[in-house]
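*Asks:* Dropping in protein-v3.cif, which is mmCIF, C-alpha atoms and all ligand atoms:
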```cif
data_input
#
loop_
_atom_site.label_atom_id
_atom_site.label_comp_id
_atom_site.auth_asym_id
_atom_site.auth_seq_id
_atom_site.Cartn_x
_atom_site.Cartn_y
_atom_site.Cartn_z
CA MET C 187 -3.74 71.68 -22.16
CA LEU C 188 -2.03 74.81 -20.85
CA VAL C 189 -1.89 78.16 -22.65
CA ALA C 190 0.84 80.50 -21.40
CA ILE C 191 0.90 84.27 -21.83
CA LEU C 192 4.41 85.53 -21.27
CA LYS C 193 5.95 88.98 -20.88
CA GLU C 194 7.27 90.20 -24.21
CA GLU C 195 11.06 90.48 -24.16
CA ARG C 196 11.45 93.02 -26.99
CA GLU C 197 12.35 96.35 -25.43
CA ASP C 198 9.87 98.49 -27.36
CA GLU C 199 7.02 96.01 -27.02
CA THR C 200 3.98 97.02 -24.99
CA ARG C 201 1.36 94.70 -26.44
CA VAL C 202 0.17 91.43 -24.99
CA ALA C 203 -0.82 88.48 -27.16
CA LEU C 204 -3.99 87.54 -25.29
CA THR C 205 -6.10 89.97 -23.29
CA PRO C 206 -8.19 88.91 -20.27
CA ASP C 207 -11.26 88.59 -22.53
CA ALA C 208 -9.48 86.02 -24.65
CA ALA C 209 -8.11 84.27 -21.55
CA LYS C 210 -11.67 84.04 -20.22
CA ALA C 211 -12.91 82.39 -23.41
CA LEU C 212 -10.09 79.82 -23.31
CA ALA C 213 -10.63 79.10 -19.61
CA GLY C 214 -14.34 78.68 -20.38
CA MET C 215 -13.43 76.06 -22.99
CA GLY C 216 -11.59 74.08 -20.33
CA PHE C 217 -8.01 75.16 -21.09
CA GLY C 218 -5.61 76.10 -18.34
CA VAL C 219 -4.36 79.67 -18.80
CA ALA C 220 -1.19 80.79 -17.03
CA VAL C 221 0.04 84.37 -17.20
CA GLU C 222 3.54 85.55 -16.38
CA SER C 223 3.10 88.25 -13.77
CA GLY C 224 2.99 91.70 -15.38
CA ALA C 225 2.52 90.40 -18.94
CA GLY C 226 -0.50 92.60 -19.61
CA LEU C 227 0.45 95.65 -17.58
CA GLN C 228 1.57 97.91 -20.41
CA SER C 229 -1.56 97.16 -22.37
CA GLY C 230 -3.81 97.95 -19.43
CA ALA C 231 -4.43 94.44 -18.06
CA SER C 232 -3.33 93.72 -14.51
CA ASP C 233 -2.57 90.31 -13.00
CA GLU C 234 -5.87 90.63 -11.11
CA ASP C 235 -7.76 91.14 -14.38
CA TYR C 236 -6.44 87.80 -15.59
CA GLN C 237 -7.06 86.09 -12.25
CA GLU C 238 -10.67 87.24 -12.27
CA VAL C 239 -11.31 85.38 -15.51
CA GLY C 240 -9.79 82.14 -14.24
CA ALA C 241 -6.13 82.44 -15.25
CA SER C 242 -3.29 81.66 -12.85
CA ILE C 243 -0.39 84.07 -12.34
CA SER C 244 3.20 82.93 -12.14
CA THR C 245 6.57 84.58 -11.73
CA LYS C 246 8.38 81.42 -12.85
CA ARG C 247 8.95 81.97 -16.57
CA GLY C 248 11.15 78.89 -16.87
CA GLU C 249 8.40 76.64 -15.50
CA LEU C 250 5.83 78.13 -17.84
CA LEU C 251 8.12 77.61 -20.81
CA ALA C 252 8.72 73.97 -19.90
CA SER C 253 5.14 73.07 -19.11
CA ALA C 254 2.77 74.98 -21.42
CA ASP C 255 1.43 73.58 -24.67
CA ILE C 256 0.49 76.77 -26.47
CA PHE C 257 2.35 80.10 -26.52
CA PRO C 258 0.47 82.96 -28.15
CA VAL C 259 3.10 85.69 -28.52
CA VAL C 260 3.44 89.09 -30.17
CA ASN C 261 7.14 88.57 -31.03
CA ALA C 262 8.95 85.22 -31.23
CA LEU C 263 10.31 83.98 -27.93
CA PRO C 264 14.08 84.49 -27.76
CA ALA C 265 16.38 81.53 -28.44
CA GLY C 266 17.10 81.05 -24.73
CA ASP C 267 13.39 80.59 -24.06
CA GLN C 268 12.92 78.38 -27.11
CA GLY C 269 15.46 75.94 -25.68
CA LYS C 270 13.09 75.20 -22.79
CA LEU C 271 9.96 74.44 -24.84
CA LYS C 272 8.39 70.99 -25.06
CA SER C 273 8.45 69.16 -28.36
CA GLY C 274 5.01 69.44 -29.94
CA SER C 275 4.19 72.69 -28.18
CA VAL C 276 2.88 75.54 -30.33
CA MET C 277 4.12 79.11 -30.69
CA ILE C 278 2.01 81.54 -32.67
CA GLY C 279 2.68 85.21 -33.35
CA PHE C 280 4.57 87.70 -35.49
CA LEU C 281 7.54 85.35 -35.89
CA ARG C 282 9.20 87.24 -38.79
CA PRO C 283 10.09 83.93 -40.48
CA LEU C 284 11.00 85.55 -43.80
CA ASP C 285 13.07 88.30 -42.17
CA GLU C 286 14.90 86.35 -39.50
CA PRO C 287 14.47 82.60 -39.97
CA ALA C 288 17.64 81.95 -37.95
CA ALA C 289 15.96 83.39 -34.85
CA LEU C 290 13.57 80.41 -34.90
CA THR C 291 16.18 77.67 -35.29
CA VAL C 292 16.12 76.45 -31.69
CA ALA C 293 12.33 76.12 -31.67
CA VAL C 294 12.35 74.29 -35.01
CA GLN C 295 15.00 71.85 -33.77
CA ARG C 296 13.05 71.16 -30.59
CA GLY C 297 10.01 70.16 -32.64
CA VAL C 298 7.91 73.18 -31.71
CA THR C 299 5.06 73.87 -34.13
CA LEU C 300 5.38 77.44 -35.35
CA PHE C 301 2.60 79.57 -36.83
CA SER C 302 3.33 83.00 -38.25
CA MET C 303 0.56 85.59 -38.11
CA GLU C 304 2.26 87.39 -41.02
CA LEU C 305 1.70 84.36 -43.23
CA VAL C 306 -2.02 83.85 -42.57
CA PRO C 307 -3.42 83.94 -46.11
CA ARG C 308 -5.52 87.00 -46.81
CA ILE C 309 -8.58 85.08 -47.89
CA THR C 310 -12.11 85.93 -46.84
CA ARG C 311 -12.33 83.07 -44.29
CA ALA C 312 -9.18 84.33 -42.58
CA GLN C 313 -10.21 87.97 -42.31
CA SER C 314 -10.90 87.66 -38.58
CA MET C 315 -7.29 86.45 -38.14
CA ASP C 316 -5.69 89.19 -40.24
CA ALA C 317 -3.31 90.66 -37.69
CA LEU C 318 -1.35 92.57 -40.34
CA SER C 319 -4.47 94.55 -41.19
CA SER C 320 -5.25 95.11 -37.51
CA MET C 321 -1.81 96.54 -36.82
CA ALA C 322 -1.80 98.55 -40.06
CA THR C 323 -5.09 100.13 -39.01
CA VAL C 324 -3.64 101.19 -35.66
CA ALA C 325 -0.41 102.43 -37.27
CA GLY C 326 -2.19 104.45 -39.96
CA TYR C 327 -4.20 106.25 -37.32
CA LYS C 328 -1.29 106.83 -34.97
CA ALA C 329 0.93 108.16 -37.78
CA VAL C 330 -1.47 110.99 -38.46
CA ILE C 331 -1.96 111.79 -34.77
CA VAL C 332 1.81 112.00 -34.19
CA ALA C 333 2.31 114.06 -37.35
CA ALA C 334 -0.48 116.44 -36.37
CA ASP C 335 1.08 116.82 -32.93
CA HIS C 336 4.50 117.68 -34.39
CA LEU C 337 3.35 119.90 -37.24
CA PRO C 338 3.77 123.56 -36.32
CA LYS C 339 0.39 124.20 -37.94
CA LEU C 340 -3.27 123.44 -37.37
CA PHE C 341 -4.89 120.69 -39.46
CA PRO C 342 -8.37 122.14 -40.10
CA LEU C 343 -9.49 125.18 -42.04
CA LEU C 344 -10.34 127.83 -39.46
CA MET C 345 -12.14 131.07 -40.09
CA THR C 346 -11.48 133.37 -37.19
CA ALA C 347 -11.85 137.06 -36.51
CA ALA C 348 -8.07 137.25 -36.88
CA GLY C 349 -8.17 135.74 -40.33
CA THR C 350 -8.50 132.43 -42.12
CA ILE C 351 -6.15 129.52 -41.53
CA PRO C 352 -5.93 127.21 -44.54
CA PRO C 353 -6.17 123.45 -43.94
CA ALA C 354 -3.03 121.37 -43.73
CA LYS C 355 -2.12 119.40 -46.84
CA VAL C 356 -1.46 115.70 -46.30
CA LEU C 357 -0.03 113.38 -48.94
CA VAL C 358 -0.48 109.64 -48.41
CA LEU C 359 1.67 107.25 -50.43
CA GLY C 360 0.31 103.71 -50.65
CA ALA C 361 -3.42 103.37 -50.07
CA GLY C 362 -3.59 99.89 -48.53
CA VAL C 363 -4.92 99.25 -45.05
CA ALA C 364 -2.60 101.70 -43.22
CA GLY C 365 -2.83 104.34 -45.94
CA LEU C 366 -6.63 104.31 -46.02
CA GLN C 367 -6.78 104.63 -42.24
CA ALA C 368 -4.31 107.53 -42.42
CA ILE C 369 -6.46 109.22 -45.06
CA ALA C 370 -9.62 108.80 -42.97
CA THR C 371 -7.89 110.12 -39.84
CA ALA C 372 -6.35 113.12 -41.60
CA ARG C 373 -9.73 113.94 -43.17
CA ARG C 374 -11.43 113.76 -39.75
CA LEU C 375 -8.90 116.27 -38.46
CA GLY C 376 -9.80 118.57 -41.34
CA ALA C 377 -6.78 118.22 -43.62
CA VAL C 378 -6.94 118.27 -47.39
CA VAL C 379 -5.63 114.88 -48.49
CA GLU C 380 -4.08 113.55 -51.69
CA ALA C 381 -3.04 109.94 -52.13
CA TYR C 382 -1.12 107.79 -54.58
CA ASP C 383 -1.03 104.04 -55.11
CA VAL C 384 0.06 101.89 -58.01
CA ARG C 385 -3.06 99.76 -57.75
CA ALA C 386 -5.78 101.46 -59.76
CA ALA C 387 -8.39 99.79 -57.50
CA ALA C 388 -7.18 101.97 -54.64
CA GLY C 389 -8.40 105.10 -56.46
CA GLU C 390 -12.05 104.47 -55.74
CA GLN C 391 -11.37 103.79 -52.05
CA VAL C 392 -9.30 106.95 -51.76
CA ARG C 393 -12.01 109.08 -53.35
CA SER C 394 -14.71 107.51 -51.18
CA LEU C 395 -12.85 108.90 -48.15
CA GLY C 396 -12.97 112.41 -49.55
CA ALA C 397 -9.36 112.54 -50.72
CA LYS C 398 -7.95 113.23 -54.17
CA PHE C 399 -6.33 110.29 -55.97
CA ILE C 400 -3.19 111.09 -57.91
CA ASP C 401 -3.68 109.19 -61.14
CA VAL C 402 -0.46 108.23 -62.89
CA ASP C 403 -0.62 106.74 -66.37
CA LEU C 404 1.56 103.64 -66.21
CA GLY C 405 0.58 102.65 -69.76
CA GLY C 406 -1.71 99.78 -68.76
CA LEU C 407 1.00 98.07 -66.68
CA GLN C 408 -0.26 95.17 -64.52
CA THR C 409 0.50 96.43 -61.01
CA GLU C 410 -1.49 94.04 -58.87
CA ASP C 411 -0.90 90.34 -58.19
CA LYS C 412 -3.58 87.69 -57.71
CA GLY C 413 -3.66 88.33 -53.96
CA GLY C 414 -4.50 92.01 -54.41
CA TYR C 415 -0.98 93.12 -53.48
CA ALA C 416 1.20 95.51 -55.45
CA LYS C 417 3.88 94.00 -57.69
CA GLU C 418 7.45 95.23 -57.66
CA LEU C 419 7.71 97.95 -60.31
CA SER C 420 10.40 98.51 -62.92
CA PRO C 421 12.65 101.56 -62.34
CA GLU C 422 10.85 103.28 -65.27
CA ALA C 423 7.38 102.76 -63.76
CA LEU C 424 8.65 103.86 -60.34
CA GLU C 425 10.06 107.00 -61.95
CA LEU C 426 6.64 107.94 -63.39
CA GLY C 427 5.13 107.77 -59.91
CA GLN C 428 8.04 109.72 -58.46
CA GLN C 429 7.44 112.71 -60.71
CA ALA C 430 3.85 113.01 -59.48
CA ILE C 431 4.94 112.46 -55.90
CA ALA C 432 7.66 115.13 -56.12
CA LYS C 433 5.11 117.70 -57.25
CA ALA C 434 2.62 116.84 -54.50
CA ALA C 435 5.28 116.54 -51.77
CA LYS C 436 6.64 120.00 -52.48
CA ILE C 437 3.41 121.60 -51.30
CA ALA C 438 2.50 119.02 -48.63
CA ASP C 439 2.77 119.73 -44.91
CA VAL C 440 2.75 116.05 -44.05
CA VAL C 441 3.68 113.01 -46.12
CA ILE C 442 2.61 109.64 -44.74
CA SER C 443 4.22 106.84 -46.71
CA THR C 444 3.03 103.26 -46.40
CA ALA C 445 3.99 101.59 -49.69
CA GLN C 446 5.19 98.03 -49.40
CA VAL C 447 5.62 95.02 -51.64
CA PRO C 448 5.41 91.73 -49.70
CA GLY C 449 8.76 90.00 -49.33
CA ARG C 450 10.74 92.89 -50.90
CA ARG C 451 12.46 96.04 -49.73
CA ALA C 452 9.92 98.89 -49.65
CA PRO C 453 9.93 100.90 -52.90
CA LEU C 454 11.94 104.12 -52.78
CA MET C 455 9.46 106.85 -53.62
CA ILE C 456 10.85 109.98 -51.95
CA PRO C 457 14.45 110.72 -52.98
CA ALA C 458 16.52 113.10 -50.84
CA ALA C 459 16.03 115.90 -53.41
CA VAL C 460 12.27 115.77 -52.85
CA VAL C 461 12.76 116.13 -49.09
CA GLU C 462 15.08 119.08 -49.72
CA ALA C 463 12.36 120.76 -51.79
CA MET C 464 9.78 120.49 -48.99
CA ARG C 465 9.09 123.42 -46.68
CA PRO C 466 11.01 123.47 -43.37
CA GLY C 467 8.72 122.30 -40.57
CA SER C 468 7.06 119.70 -42.82
CA ILE C 469 6.85 116.10 -41.78
CA ILE C 470 7.47 112.75 -43.41
CA PHE C 471 6.10 109.78 -41.53
CA ASP C 472 7.56 106.66 -43.09
CA LEU C 473 5.48 103.67 -42.09
CA ALA C 474 7.49 101.49 -44.46
CA ALA C 475 10.59 101.99 -42.26
CA PRO C 476 10.61 98.34 -41.05
CA ALA C 477 11.03 97.29 -44.71
CA GLY C 478 13.76 99.87 -45.37
CA GLY C 479 11.53 102.92 -45.87
CA ASN C 480 9.92 104.73 -48.80
CA CYS C 481 12.08 107.80 -48.21
CA ALA C 482 15.78 107.82 -49.00
CA VAL C 483 16.72 109.67 -45.80
CA THR C 484 14.59 107.57 -43.41
CA LYS C 485 16.53 105.98 -40.56
CA PRO C 486 14.52 102.98 -39.33
CA GLY C 487 13.84 103.30 -35.61
CA GLU C 488 14.80 106.99 -35.50
CA THR C 489 13.32 110.43 -35.94
CA ILE C 490 15.67 112.77 -37.78
CA VAL C 491 15.55 116.30 -39.11
CA TYR C 492 16.79 116.64 -42.69
CA HIS C 493 16.85 120.10 -44.29
CA GLY C 494 14.28 121.24 -41.74
CA VAL C 495 11.92 118.33 -42.48
CA THR C 496 11.25 115.91 -39.62
CA VAL C 497 11.41 112.34 -40.85
CA PHE C 498 9.90 109.63 -38.63
CA GLY C 499 10.98 106.03 -39.20
CA PRO C 500 9.04 104.02 -36.62
CA VAL C 501 9.59 100.27 -36.56
CA ASN C 502 6.91 99.24 -34.07
CA LEU C 503 4.25 101.92 -34.22
CA ALA C 504 1.29 99.72 -33.27
CA ALA C 505 2.99 99.17 -29.91
CA GLU C 506 2.47 102.86 -29.17
CA MET C 507 -1.29 102.17 -28.95
CA PRO C 508 -1.02 99.05 -26.77
CA VAL C 509 -4.58 98.80 -25.47
CA HIS C 510 -6.40 98.63 -28.77
CA ALA C 511 -3.51 97.06 -30.66
CA SER C 512 -3.56 94.22 -28.07
CA MET C 513 -7.33 93.97 -28.19
CA LEU C 514 -7.33 93.52 -31.97
CA TYR C 515 -4.29 91.26 -32.03
CA SER C 516 -5.68 89.10 -29.24
CA ARG C 517 -8.91 88.61 -31.21
CA ASN C 518 -6.95 87.70 -34.34
CA VAL C 519 -4.87 85.15 -32.40
CA SER C 520 -7.92 83.76 -30.59
CA ASN C 521 -9.72 83.26 -33.88
CA PHE C 522 -6.67 81.42 -35.19
CA LEU C 523 -6.56 79.25 -32.06
CA GLN C 524 -10.15 78.15 -32.75
CA LEU C 525 -8.80 76.56 -35.93
CA ILE C 526 -6.24 74.40 -34.18
CA LEU C 527 -8.16 73.42 -31.05
CA LYS C 528 -10.89 70.82 -30.87
CA LYS C 529 -12.56 69.30 -27.80
CA GLY C 530 -9.90 70.66 -25.48
CA GLU C 531 -6.99 69.29 -27.52
CA LEU C 532 -4.66 70.48 -30.25
CA ASN C 533 -5.98 69.38 -33.61
CA ILE C 534 -3.75 70.66 -36.40
CA ASN C 535 -5.26 69.90 -39.80
CA ARG C 536 -2.38 70.71 -42.09
CA ALA C 537 -4.60 70.39 -45.16
CA ASP C 538 -6.52 73.50 -44.10
CA GLU C 539 -5.49 76.42 -46.32
CA ILE C 540 -5.05 78.85 -43.43
CA ILE C 541 -3.04 76.39 -41.34
CA ALA C 542 -0.93 75.30 -44.32
CA GLY C 543 -0.21 78.91 -45.28
CA SER C 544 0.81 80.07 -41.83
CA CYS C 545 2.63 76.98 -40.53
CA VAL C 546 6.37 77.63 -40.53
CA ALA C 547 7.62 74.55 -38.72
CA PHE C 548 6.20 71.17 -37.77
CA GLY C 549 7.79 68.00 -36.43
CA GLY C 550 11.31 69.45 -36.33
CA GLU C 551 11.32 70.79 -39.89
CA ILE C 552 10.60 74.03 -41.67
CA VAL C 553 7.50 73.21 -43.70
CA ASN C 554 6.99 76.54 -45.47
CA GLU C 555 8.85 76.60 -48.79
CA ARG C 556 9.48 80.34 -48.86
CA VAL C 557 10.84 80.29 -45.33
CA ALA C 558 12.99 77.24 -46.09
CA ALA C 559 14.44 79.02 -49.15
CA VAL C 560 15.27 82.13 -47.10
CA ALA C 561 16.75 79.99 -44.32
CA ARG C 562 18.98 78.17 -46.87
CA ALA C 563 20.14 81.35 -48.59
CA PRO C 564 23.65 82.48 -47.61
CA GLN C 565 23.57 85.39 -45.18
CA ALA C 566 24.42 88.79 -46.70
P1 LIG N 601 0.97 96.62 -48.15
O1 LIG N 601 1.21 97.00 -46.74
O2 LIG N 601 1.69 95.47 -48.74
O3 LIG N 601 1.25 97.92 -49.07
C1 LIG N 601 0.66 99.17 -48.81
C2 LIG N 601 0.23 99.81 -50.10
O4 LIG N 601 1.37 100.25 -50.85
C3 LIG N 601 -0.58 98.93 -51.04
O5 LIG N 601 -1.83 99.52 -51.30
C4 LIG N 601 0.28 98.86 -52.30
O6 LIG N 601 -0.51 98.81 -53.49
C5 LIG N 601 1.06 100.16 -52.21
N1 LIG N 601 2.29 100.19 -53.04
C6 LIG N 601 3.25 99.25 -53.18
N2 LIG N 601 4.23 99.68 -54.02
C7 LIG N 601 3.89 100.92 -54.41
C8 LIG N 601 4.51 101.90 -55.26
N3 LIG N 601 5.66 101.65 -55.87
N4 LIG N 601 3.88 103.08 -55.42
C9 LIG N 601 2.70 103.33 -54.80
N5 LIG N 601 2.07 102.46 -53.98
C10 LIG N 601 2.67 101.27 -53.79
O7 LIG N 601 -0.56 96.37 -48.43
P2 LIG N 601 -1.77 96.12 -47.45
O8 LIG N 601 -2.23 97.41 -46.90
O9 LIG N 601 -1.42 95.05 -46.47
O10 LIG N 601 -2.88 95.54 -48.44
C11 LIG N 601 -2.83 95.70 -49.82
C12 LIG N 601 -4.02 95.05 -50.51
O11 LIG N 601 -4.47 93.84 -49.92
C13 LIG N 601 -5.22 95.94 -50.54
O12 LIG N 601 -5.87 95.73 -51.77
C14 LIG N 601 -6.10 95.40 -49.47
O13 LIG N 601 -7.46 95.73 -49.66
C15 LIG N 601 -5.85 93.94 -49.66
N6 LIG N 601 -6.19 93.21 -48.43
C16 LIG N 601 -7.06 92.16 -48.54
C17 LIG N 601 -7.43 91.47 -47.40
C18 LIG N 601 -8.37 90.31 -47.44
O14 LIG N 601 -9.00 90.05 -48.43
N7 LIG N 601 -8.50 89.58 -46.35
C19 LIG N 601 -6.90 91.82 -46.17
C20 LIG N 601 -6.01 92.89 -46.12
C21 LIG N 601 -5.66 93.56 -47.26
#
```
Let me see whether you can do it: turn the structure in this file into structure tokens.
*Replies:*
Amino acid sequence: MLVAILKEEREDETRVALTPDAAKALAGMGFGVAVESGAGLQSGASDEDYQEVGASISTKRGELLASADIFPVVNALPAGDQGKLKSGSVMIGFLRPLDEPAALTVAVQRGVTLFSMELVPRITRAQSMDALSSMATVAGYKAVIVAADHLPKLFPLLMTAAGTIPPAKVLVLGAGVAGLQAIATARRLGAVVEAYDVRAAAGEQVRSLGAKFIDVDLGGLQTEDKGGYAKELSPEALELGQQAIAKAAKIADVVISTAQVPGRRAPLMIPAAVVEAMRPGSIIFDLAAPAGGNCAVTKPGETIVYHGVTVFGPVNLAAEMPVHASMLYSRNVSNFLQLILKKGELNINRADEIIAGSCVAFGGEIVNERVAAVARAPQA
């Protein structure tokens, strides 16, 4: 059984799917581990680091693709690579099956078993495999660090002989995993933080981090689904939130927006007029940019200046912290691998809730209903 760790092809990718620690564990369990030369370099792992833990290094990507049984990846292998994979081999990673199912077609047709880390159910037993939370944690932290670096102001309250500097005001929209990490990071840097979320349960978490929760009366509306995620709101309910946000944004130095609704475009929470009312030099950091953005002027993948406000729309922020993002991701993937490996062999129990939830393709067919529906839908 051979596990291959390949160089990521996506241009802005710096992470590696399995770190040397994880490679060591797999080698210790009797698996062969082959690493494409340079695969770990950007995340701080050299070829020698992998060799030291028992992995082999290869420069022959084509051979690895044709011979390995398991491909832990960050991003899906490109179609050209997929065409070389063995039937029955396994690819596991952020495969974006609901966003770009067509990009997986070749692998599906070749009978490759596909597991999507995005689709791992968020149940207690799967917490150690929750790569979305891992990356959201990294992104929430990094967003605040970048914003603090670009803000032409200090974050903390300073009392100096030359006078008092008031603390920066940070507004966080969406208090899920990324939002809570952003709040904690901004608080550590000394900012005064306010946060808003549609889920009432988020209020307690926000307050426990020393931030103020903006309570909006939505008239008892059910805003949370069974999985603990936000539901898509009606335009009227969105509007109620927007009024509170507009007021808080006007006086904020930094707005970090993270609001998302799984499977939908991110809710629009910051119209252009709100950006125009912010002070020049302020910052909007839109972590929802990959899902279209929470701010109307966000350009995914770009940083723009609109009416003097710098608007960041990063689409792969976790990759800007490759060492720890890879460490966390590698642990999530390794924990998942433990589920599908037994006595040195692949053992895929499709009745297992975690496996069933995350399996996109098996035996030449798309086996996830949501993915199949998206794949069938006519392209826009
Ligand atoms: P997410 O990335 O889908 O969304 C981020 C936040 O945006 C959420 O808190 C959501 O409520 C909020 N939001 C959505 N629409 C909004 C709107 N119109 N206005 C204001 N806020 C809006 O969410 P996430 O960070 O991945 O996680 C969300 C929930 O899932 C949290 O309750 C979290 O604790 C829970 N969770 C559970 C587990 C687990 O049990 N294993 C793991 C991770 C997360």
*Asks:* Extract, using all atoms listed in the file, all DNA, RNA and protein residues at most 8 Å from Pro206 in chain C, discarding same-chain residues fewer than 5 positions from it, and format them as a ChimeraX atom specification.
*Replies:* /C:231,235-236,239
*Asks:* Listed atoms of range 407-411 of chain C, axis-aligned box, 4 Å per side: centre and edge lengths to one decimal in Å, as AutoDock Vina command-line options?
*Replies:*
```
--center_x -0.2 --center_y 94.2 --center_z -62.4 --size_x 10.5 --size_y 15.7 --size_z 16.5
```
*Asks:* Report, in Å with one decimal, the straight-line distance from CA of Arg374 in chain C to CA of Val332 in chain C.
*Replies:*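 Between these atoms lies a distance of 14.5 Å.
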*Asks:* Could you give me, as a list in words, the residues within 7 Å of Ala561 in chain C, counting only C-alpha atoms and dropping anything in the same chain fewer than 2 positions from it?
*Replies:* Pro287, Ala288, Val557, Ala558, Ala559 and Ala563 of chain C
*Asks:* Give the residue list for ligand LIG 601 (chain N) at 9 Å, counting only C-alpha atoms and all ligand atoms, as a PyMOL selection string, sorted by chain and then by residue number.
*Replies:* chain C and resi 307-316+318-320+322-323+359-366+382-388+409-410+413-419+423-424+427-428+443-449+452-455+474+480
*Asks:* Compare C:Ile442, C:Thr484, C:Ala463, C:Ser516 by their minimum atom-to-atom distance to Lys210 in chain C, counting only C-alpha atoms, and give me the closest one.
*Replies:*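 The shortest atom-to-atom distance to Lys210 in chain C comes from C:Ser516.
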*Asks:* Hey, which of C:Ala537, C:Val501, C:Leu284, C:Leu523 ends up closest to Leu204 in chain C? Count all atoms listed in the file.
*Replies:*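 Nearest to Leu204 in chain C: C:Leu523.
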*Asks:* For a quick check of understanding, using only C-alpha atoms, which of C:Leu337, C:Arg562, C:Val491, C:Ser544 has the smallest distance to Leu281 in chain C?
*Replies:* C:Ser544
*Asks:* Let me make sure I understand: among C:Arg373, C:Ala458, C:Glu488, C:Leu473, which one has the smallest atom-to-atom distance to Ala432 in chain C if we use only C-alpha atoms?
*Replies:*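 Nearest to Ala432 in chain C: C:Ala458.
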*Asks:* Between C:Ala482, C:Ile351, C:Val358, C:Leu290, which is the closest to Gly326 in chain C once you count only C-alpha atoms?
*Replies:* C:Val358
*Asks:* Need the shell around range 438-441 of chain C: protein/DNA/RNA residues with any atom at most 10 Å away, counting all atoms listed in the file. Skip same-chain ones fewer than 6 positions apart. Format as JSON, numbers by chain?
*Replies:* {"C": [330, 333, 334, 336, 337, 338, 339, 341, 353, 354, 355, 356, 357, 358, 359, 372, 377, 378, 379, 380, 381, 431, 432, 456, 464, 465, 466, 467, 468, 469, 470, 471, 472, 495, 496, 497]}
*Asks:* Of the residues C:His493, C:His510, C:Lys246, C:Arg556, which is the one nearest to Lys193 in chain C, using only C-alpha atoms?
*Replies:*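 Closest candidate: C:Lys246.
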*Asks:* Residues within 10 Å of range 292-302 of chain C, please, as JSON, numbers by chain. Count all atoms listed in the file; anything in the same chain fewer than 3 positions from it doesn't count.
*Replies:* {"C": [255, 256, 257, 258, 261, 262, 263, 264, 265, 266, 267, 268, 269, 270, 271, 272, 273, 274, 275, 276, 277, 278, 279, 280, 281, 282, 283, 284, 287, 288, 289, 305, 306, 522, 534, 541, 542, 543, 544, 545, 546, 547, 548, 549, 550, 551, 552, 553]}
*Asks:* By how many Å are CA of Glu286 in chain C and CA of Leu525 in chain C apart?
*Replies:*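 Computed distance, CA of Glu286 in chain C to CA of Leu525 in chain C, equals 25.9 Å.
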*Asks:* When you look at Ala209 in chain C with a cut-off of 10 Å (counting all atoms listed in the file), what residues show up, excluding the ones that are within fewer than 5 positions of it in the same chain? I need them as a list in words.
*Replies:*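 Within the cut-off, the hits are Val189, Ala190, Ile191, Leu204, Gly214, Met215, Phe217, Gly218, Val219, Ala220, Val221, Asp235, Tyr236, Gln237, Val239, Gly240, Ala241, Ser516 and Ser520 of chain C.
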*Asks:* Could the residues in this selection be written to a file with C-alpha atoms, as a CSV table (one decimal), in the coordinates of the input?
*Replies:*
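What landed in result_14.csv:
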```csv
chain,number,residue,atom,x,y,z
C,189,VAL,CA,-1.9,78.2,-22.6
C,190,ALA,CA,0.8,80.5,-21.4
C,191,ILE,CA,0.9,84.3,-21.8
C,204,LEU,CA,-4.0,87.5,-25.3
C,214,GLY,CA,-14.3,78.7,-20.4
C,215,MET,CA,-13.4,76.1,-23.0
C,217,PHE,CA,-8.0,75.2,-21.1
C,218,GLY,CA,-5.6,76.1,-18.3
C,219,VAL,CA,-4.4,79.7,-18.8
C,220,ALA,CA,-1.2,80.8,-17.0
C,221,VAL,CA,0.0,84.4,-17.2
C,235,ASP,CA,-7.8,91.1,-14.4
C,236,TYR,CA,-6.4,87.8,-15.6
C,237,GLN,CA,-7.1,86.1,-12.2
C,239,VAL,CA,-11.3,85.4,-15.5
C,240,GLY,CA,-9.8,82.1,-14.2
C,241,ALA,CA,-6.1,82.4,-15.2
C,516,SER,CA,-5.7,89.1,-29.2
C,520,SER,CA,-7.9,83.8,-30.6
```
*Asks:* To one decimal place, how far is CA of Glu462 in chain C from CA of Gln429 in chain C in Å?
*Replies:*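 So the two atoms, CA of Glu462 in chain C and CA of Gln429 in chain C, lie 14.8 Å apart.
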